[in-house]
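See below for target.cif, which holds mmCIF, C-alpha atoms.
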```
data_target
#
loop_
_atom_site.label_atom_id
_atom_site.label_comp_id
_atom_site.auth_asym_id
_atom_site.auth_seq_id
_atom_site.Cartn_x
_atom_site.Cartn_y
_atom_site.Cartn_z
CA LEU A 1 28.25 5.94 19.13
CA ARG A 2 26.42 2.66 18.50
CA VAL A 3 23.80 3.57 21.12
CA GLY A 4 23.23 6.93 19.46
CA MET A 5 22.82 5.34 16.02
CA LYS A 6 20.43 2.75 17.42
CA GLU A 7 18.31 5.43 19.11
CA LYS A 8 18.23 7.46 15.89
CA LYS A 9 17.09 4.39 13.94
CA LEU A 10 14.33 3.69 16.46
CA SER A 11 13.26 7.34 16.30
CA HIS A 12 12.94 7.13 12.51
CA LYS A 13 10.97 3.89 12.83
CA PHE A 14 8.48 5.33 15.36
CA ILE A 15 7.94 8.54 13.37
CA ALA A 16 7.37 6.56 10.17
CA PHE A 17 5.05 4.11 11.96
CA PHE A 18 2.78 6.70 13.57
CA GLY A 19 2.75 8.73 10.38
CA LEU A 20 1.60 5.64 8.50
CA VAL A 21 -1.15 4.87 11.03
CA LEU A 22 -2.48 8.43 10.79
CA VAL A 23 -2.40 8.68 7.00
CA GLN A 24 -3.67 5.14 6.37
CA GLY A 25 -6.63 5.56 8.72
CA ALA A 26 -7.64 8.83 7.05
CA HIS A 27 -7.06 7.31 3.61
CA VAL A 28 -9.55 4.44 4.07
CA LEU A 29 -12.10 6.82 5.61
CA PHE A 30 -11.86 9.26 2.69
CA PHE A 31 -12.32 6.42 0.19
CA ARG A 32 -15.51 5.41 1.98
CA LEU A 33 -16.80 8.98 2.19
CA SER A 34 -16.09 9.54 -1.50
CA GLN A 35 -18.74 6.97 -2.39
CA SER A 36 -22.27 7.98 -3.27
CA GLY A 37 -24.97 5.44 -2.51
CA GLY A 38 -22.35 2.74 -2.05
CA LYS A 39 -20.82 3.41 -5.48
CA TYR A 40 -17.98 5.49 -6.89
CA GLU A 41 -19.07 8.40 -9.09
CA TYR A 42 -15.47 8.83 -10.22
CA ASN A 43 -13.15 6.33 -11.86
CA THR A 44 -11.02 4.68 -9.19
CA ALA A 45 -8.21 3.81 -11.60
CA SER A 46 -7.95 7.40 -12.82
CA ALA A 47 -7.78 8.57 -9.19
CA ILE A 48 -4.88 6.23 -8.44
CA ALA A 49 -3.18 7.28 -11.70
CA VAL A 50 -3.39 10.92 -10.59
CA THR A 51 -1.90 10.09 -7.18
CA GLU A 52 0.90 8.13 -8.85
CA ALA A 53 1.68 11.21 -10.96
CA ILE A 54 1.66 13.40 -7.82
CA LYS A 55 3.98 11.01 -5.97
CA LEU A 56 6.26 10.83 -9.00
CA GLY A 57 6.50 14.63 -9.03
CA MET A 58 7.20 14.80 -5.29
CA SER A 59 9.82 12.05 -5.50
CA GLY A 60 11.41 13.73 -8.50
CA GLY A 61 11.68 16.98 -6.58
CA LEU A 62 13.29 15.23 -3.61
CA TRP A 63 15.66 13.36 -5.94
CA TRP A 64 16.67 16.63 -7.60
CA ARG A 65 17.58 18.10 -4.21
CA ASP A 66 19.51 14.96 -3.23
CA SER A 67 23.21 14.67 -3.98
CA GLU A 68 23.11 10.97 -4.88
CA ARG A 69 22.95 10.26 -8.61
CA ILE A 70 23.47 6.49 -8.84
CA ALA A 71 21.67 4.96 -11.84
CA PRO A 72 19.36 2.04 -10.97
CA PRO A 73 20.38 -1.41 -12.27
CA THR A 74 18.17 -3.14 -14.84
CA THR A 75 17.08 -5.84 -12.41
CA LEU A 76 15.76 -3.15 -10.05
CA PHE A 77 13.70 -1.64 -12.87
CA PHE A 78 11.97 -4.95 -13.60
CA THR A 79 11.45 -5.63 -9.89
CA TYR A 80 9.50 -2.38 -9.64
CA THR A 81 7.57 -3.29 -12.78
CA ILE A 82 6.19 -6.34 -10.97
CA LEU A 83 5.55 -4.36 -7.78
CA ALA A 84 3.81 -1.53 -9.65
CA PHE A 85 1.47 -3.98 -11.38
CA ALA A 86 0.67 -5.79 -8.12
CA TYR A 87 -0.02 -2.50 -6.30
CA ALA A 88 -2.26 -1.27 -9.13
CA VAL A 89 -4.42 -4.40 -9.09
CA ASN A 90 -4.50 -4.60 -5.29
CA ASN A 91 -5.60 -0.97 -4.97
CA GLN A 92 -8.59 -1.63 -7.21
CA LEU A 93 -9.40 -4.76 -5.23
CA ALA A 94 -9.35 -2.79 -1.97
CA MET A 95 -11.69 -0.18 -3.45
CA TYR A 96 -14.05 -2.90 -4.62
CA LEU A 97 -14.07 -4.40 -1.11
CA LEU A 98 -15.03 -1.02 0.37
CA THR A 99 -18.30 -1.22 -1.56
CA ASN A 100 -19.02 -4.69 -0.13
CA MET A 101 -18.05 -4.30 3.52
CA GLY A 102 -17.69 -1.56 6.11
CA THR A 103 -14.58 0.54 6.54
CA GLY A 104 -13.97 -0.96 9.99
CA MET A 105 -14.28 -4.54 8.74
CA LEU A 106 -11.86 -3.89 5.88
CA SER A 107 -9.33 -2.26 8.22
CA LEU A 108 -9.59 -5.15 10.66
CA GLY A 109 -9.25 -7.64 7.83
CA LYS A 110 -6.09 -5.89 6.70
CA SER A 111 -4.74 -6.52 10.20
CA MET A 112 -3.97 -10.05 9.03
CA ALA A 113 -1.15 -8.59 6.95
CA PRO A 114 1.51 -8.55 9.74
CA MET A 115 1.11 -12.29 10.35
CA LEU A 116 1.25 -13.16 6.65
CA THR A 117 4.17 -10.77 6.18
CA ALA A 118 6.07 -12.50 8.99
CA LEU A 119 5.40 -15.90 7.43
CA VAL A 120 6.64 -14.70 4.05
CA MET A 121 9.79 -13.25 5.62
CA TRP A 122 10.48 -16.45 7.56
CA SER A 123 10.02 -18.61 4.46
CA LEU A 124 12.04 -16.48 2.02
CA PHE A 125 14.90 -15.07 4.09
CA GLU A 126 17.14 -17.00 6.45
CA ASP A 127 18.35 -13.88 8.27
CA GLU A 128 14.86 -12.99 9.50
CA ARG A 129 14.32 -14.01 13.11
CA PHE A 130 11.51 -13.10 15.49
CA VAL A 131 11.33 -13.48 19.24
CA GLN A 132 8.82 -15.75 20.95
CA LEU A 133 6.68 -12.83 22.14
CA GLN A 134 6.17 -11.67 18.55
CA GLY A 135 5.02 -15.14 17.57
CA ILE A 136 2.51 -15.19 20.43
CA CYS A 137 1.16 -11.78 19.35
CA PHE A 138 0.69 -13.02 15.77
CA ILE A 139 -1.24 -16.08 17.00
CA LEU A 140 -3.49 -14.01 19.29
CA LEU A 141 -4.19 -11.54 16.48
CA THR A 142 -5.07 -14.33 14.09
CA MET A 143 -7.39 -16.07 16.53
CA GLY A 144 -9.15 -12.80 17.30
CA LEU A 145 -9.72 -12.07 13.62
CA ILE A 146 -11.04 -15.59 13.01
CA CYS A 147 -13.61 -15.06 15.78
CA LEU A 148 -14.51 -11.63 14.40
CA PHE A 149 -15.02 -12.77 10.81
CA ALA A 150 -16.70 -16.07 11.66
CA PRO A 151 -20.08 -16.01 9.88
CA ASP A 152 -23.20 -15.61 11.94
CA GLN A 153 -25.54 -18.55 11.54
CA LYS A 154 -28.39 -16.26 10.47
CA THR A 155 -26.93 -13.44 8.44
CA GLY A 156 -23.15 -13.80 8.19
CA VAL A 157 -20.67 -10.99 8.77
CA VAL A 158 -19.03 -10.80 5.34
CA ALA A 159 -20.14 -12.41 2.08
CA PRO A 160 -18.00 -15.47 1.21
CA LEU A 161 -16.88 -13.97 -2.12
CA ALA A 162 -15.85 -10.70 -0.49
CA MET A 163 -14.03 -12.65 2.22
CA GLY A 164 -12.11 -14.56 -0.44
CA TRP A 165 -11.09 -11.33 -2.21
CA LEU A 166 -10.06 -9.86 1.16
CA ILE A 167 -7.76 -12.81 1.91
CA LEU A 168 -6.23 -12.50 -1.56
CA SER A 169 -5.73 -8.75 -1.11
CA VAL A 170 -4.03 -9.23 2.26
CA PHE A 171 -1.79 -11.95 0.83
CA VAL A 172 -0.73 -9.73 -2.08
CA SER A 173 -0.06 -6.90 0.39
CA ALA A 174 2.18 -9.18 2.44
CA ILE A 175 4.21 -10.35 -0.57
CA THR A 176 4.67 -6.86 -2.03
CA SER A 177 5.55 -5.40 1.38
CA VAL A 178 8.35 -7.90 1.95
CA ILE A 179 9.81 -7.48 -1.54
CA ASN A 180 9.59 -3.67 -1.52
CA CYS A 181 11.10 -3.48 1.97
CA ARG A 182 14.04 -5.68 1.00
CA VAL A 183 14.71 -3.73 -2.19
CA LEU A 184 14.61 -0.36 -0.41
CA GLN A 185 16.89 -1.49 2.41
CA ARG A 186 19.48 -2.88 0.02
CA GLY A 187 19.86 0.64 -1.32
CA ALA A 188 20.95 -0.09 -4.91
CA CYS A 189 20.18 3.60 -5.52
CA SER A 190 18.57 6.43 -3.57
CA LEU A 191 15.15 6.09 -1.93
CA HIS A 192 13.76 8.83 -4.17
CA MET A 193 15.01 7.16 -7.36
CA GLN A 194 13.43 3.87 -6.32
CA ASN A 195 10.16 5.68 -5.61
CA MET A 196 10.32 7.27 -9.05
CA LEU A 197 10.71 3.84 -10.66
CA LEU A 198 7.67 2.55 -8.78
CA TYR A 199 5.38 5.54 -9.30
CA SER A 200 6.18 6.08 -12.98
CA GLN A 201 5.24 2.50 -13.81
CA GLY A 202 2.32 2.63 -11.39
CA PHE A 203 0.93 5.56 -13.37
CA ILE A 204 1.15 3.56 -16.60
CA PHE A 205 -0.57 0.49 -15.15
CA ASN A 206 -3.38 2.50 -13.54
CA LEU A 207 -3.89 4.42 -16.76
CA ALA A 208 -4.26 1.08 -18.54
CA LEU A 209 -6.81 -0.08 -15.94
CA TYR A 210 -8.78 3.12 -16.50
CA MET A 211 -8.75 2.78 -20.27
CA SER A 212 -9.74 -0.91 -20.20
CA GLY A 213 -12.45 -0.61 -17.55
CA LEU A 214 -10.74 -3.20 -15.30
CA ASN A 215 -11.26 -1.18 -12.13
CA ALA A 216 -13.53 -0.96 -9.09
CA THR A 217 -15.83 1.48 -10.90
CA GLY A 218 -16.27 -0.94 -13.79
CA MET A 219 -16.20 1.79 -16.46
CA SER A 220 -13.68 2.43 -19.23
CA MET A 221 -12.63 5.69 -20.86
CA GLU A 222 -15.43 5.28 -23.41
CA HIS A 223 -18.11 5.60 -20.70
CA GLN A 224 -16.47 7.84 -18.11
CA GLY A 225 -14.19 10.84 -18.44
CA PHE A 226 -10.84 10.83 -16.67
CA PHE A 227 -11.84 13.62 -14.26
CA ASP A 228 -15.56 12.83 -13.98
CA GLY A 229 -16.75 12.99 -10.37
CA TYR A 230 -13.77 15.01 -9.14
CA ASP A 231 -16.11 17.77 -7.97
CA ASN A 232 -16.71 15.60 -4.88
CA PHE A 233 -14.88 17.20 -1.92
CA PHE A 234 -13.76 13.85 -0.54
CA VAL A 235 -12.23 12.76 -3.85
CA VAL A 236 -9.68 15.56 -3.45
CA TRP A 237 -8.81 14.22 0.00
CA VAL A 238 -8.53 10.72 -1.44
CA LEU A 239 -5.88 12.03 -3.83
CA ILE A 240 -4.02 13.85 -1.06
CA SER A 241 -4.08 10.96 1.43
CA GLN A 242 -3.12 8.38 -1.21
CA SER A 243 -0.20 10.53 -2.32
CA PHE A 244 1.24 11.01 1.16
CA MET A 245 0.59 7.40 2.16
CA GLY A 246 2.85 6.10 -0.60
CA LEU A 247 5.77 8.26 0.53
CA VAL A 248 5.21 7.39 4.21
CA ILE A 249 5.12 3.65 3.46
CA SER A 250 8.45 3.92 1.62
CA ALA A 251 9.95 5.60 4.70
CA VAL A 252 8.57 2.80 6.92
CA TYR A 253 10.12 0.14 4.69
CA LYS A 254 13.43 2.02 4.53
CA TYR A 255 13.86 2.75 8.25
CA GLY A 256 11.65 0.06 9.78
CA ASP A 257 10.52 -3.23 8.28
CA ALA A 258 7.59 -4.76 6.43
CA ILE A 259 5.84 -5.91 9.61
CA VAL A 260 5.76 -2.35 11.01
#
```
Written as structure tokens, that's how I'd like the structure from this file.
Amino acid sequence: LRVGMKEKKLSHKFIAFFGLVLVQGAHVLFFRLSQSGGKYEYNTASAIAVTEAIKLGMSGGLWWRDSERIAPPTTLFFTYTILAFAYAVNNQLAMYLLTNMGTGMLSLGKSMAPMLTALVMWSLFEDERFVQLQGICFILLTMGLICLFAPDQKTGVVAPLAMGWLILSVFVSAITSVINCRVLQRGACSLHMQNMLLYSQGFIFNLALYMSGLNATGMSMEHQGFFDGYDNFFVVWVLISQSFMGLVISAVYKYGDAIV
């Protein structure tokens, strides 16, 4: 019985992992293709707000079909408030970075996240243990990325400012991944209810970023309409990929771990 449960858990982890790789790769590509002349013709905060609304609707539908009706505790609500704010800011930072470096460089830079995630897990939780081989893999990955991003003496690979923002973005991703993973695995309420808490507040924060102009586009509601630029074919795919990626990541955190 234990073997069967273990195999089922591994099966869930592999499905969630490969689903995440597929959706995340397409997601970054669509964001890059949605640019025009290296700039966004649509408001990036409004786009994320729309995807948060879509994910909220999908999660609400799944919650309605679920039999579990446990109300979330107050502490869980405020935990997701912090996570929603961090995700909203980090999404805009990632979009800004896509206008300052190539899609491949950003994706490779994000590969630092597993190492930082492992360090955060080791430092915050005593029950997290990793085998020696995993530690060796983290070191090799880090050394490879250092060589890749080392500036060329003539031109440089990535601008220093962009590199600094990239490191900050990866660090925020590591922190939020660990916290979200822990919260989901504790299971204070259903997965769908927890997603609803995150996406509802994420919608509010992204709407605020759109209205204030604090976004990768740099325009507020006074200078750009909410749906301006949505006639771009790739913007639609940005919305679709972003929506599915959020749900897939939640499944990875629930059935796998933050490092996966």
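Taking atom CA of Met196 of chain A and atom CA of Glu52 of chain A as endpoints, the distance between them is 9.5 Å.
Taking atom CA of Gly229 of chain A as the reference point, atom CA of Glu41 of chain A is found at 5.3 Å.
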Review point. A:Thr99, A:Glu222, A:Tyr210, A:Ser241: which is nearest Phe30 of chain A, counting all atoms listed in the file?
Key: A:Ser241
Set the distance at 12 Å and use only C-alpha atoms: which residues neighbour Met112 of chain A once local chain neighbours fewer than 5 positions away are removed? I'd like the list as a PDB file with C-alpha atoms, in the coordinates of the input.
```pdb
ATOM      1  CA  MET A 105     -14.280  -4.540   8.740  1.00  0.00           C
ATOM      2  CA  LEU A 106     -11.860  -3.890   5.880  1.00  0.00           C
ATOM      3  CA  SER A 107      -9.330  -2.260   8.220  1.00  0.00           C
ATOM      4  CA  THR A 117       4.170 -10.770   6.180  1.00  0.00           C
ATOM      5  CA  ALA A 118       6.070 -12.500   8.990  1.00  0.00           C
ATOM      6  CA  LEU A 119       5.400 -15.900   7.430  1.00  0.00           C
ATOM      7  CA  CYS A 137       1.160 -11.780  19.350  1.00  0.00           C
ATOM      8  CA  PHE A 138       0.690 -13.020  15.770  1.00  0.00           C
ATOM      9  CA  ILE A 139      -1.240 -16.080  17.000  1.00  0.00           C
ATOM     10  CA  LEU A 140      -3.490 -14.010  19.290  1.00  0.00           C
ATOM     11  CA  LEU A 141      -4.190 -11.540  16.480  1.00  0.00           C
ATOM     12  CA  THR A 142      -5.070 -14.330  14.090  1.00  0.00           C
ATOM     13  CA  MET A 143      -7.390 -16.070  16.530  1.00  0.00           C
ATOM     14  CA  GLY A 144      -9.150 -12.800  17.300  1.00  0.00           C
ATOM     15  CA  LEU A 145      -9.720 -12.070  13.620  1.00  0.00           C
ATOM     16  CA  ILE A 146     -11.040 -15.590  13.010  1.00  0.00           C
ATOM     17  CA  LEU A 148     -14.510 -11.630  14.400  1.00  0.00           C
ATOM     18  CA  PHE A 149     -15.020 -12.770  10.810  1.00  0.00           C
ATOM     19  CA  LEU A 166     -10.060  -9.860   1.160  1.00  0.00           C
ATOM     20  CA  ILE A 167      -7.760 -12.810   1.910  1.00  0.00           C
ATOM     21  CA  LEU A 168      -6.230 -12.500  -1.560  1.00  0.00           C
ATOM     22  CA  SER A 169      -5.730  -8.750  -1.110  1.00  0.00           C
ATOM     23  CA  VAL A 170      -4.030  -9.230   2.260  1.00  0.00           C
ATOM     24  CA  PHE A 171      -1.790 -11.950   0.830  1.00  0.00           C
ATOM     25  CA  VAL A 172      -0.730  -9.730  -2.080  1.00  0.00           C
ATOM     26  CA  SER A 173      -0.060  -6.900   0.390  1.00  0.00           C
ATOM     27  CA  ALA A 174       2.180  -9.180   2.440  1.00  0.00           C
ATOM     28  CA  ILE A 259       5.840  -5.910   9.610  1.00  0.00           C
TER      29      ILE A 259
END
```
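Proximity ranking of A:Val21, A:Leu83, A:Met211, A:Val178 relative to Met121 of chain A places A:Val178 first, based on all atoms listed in the file.
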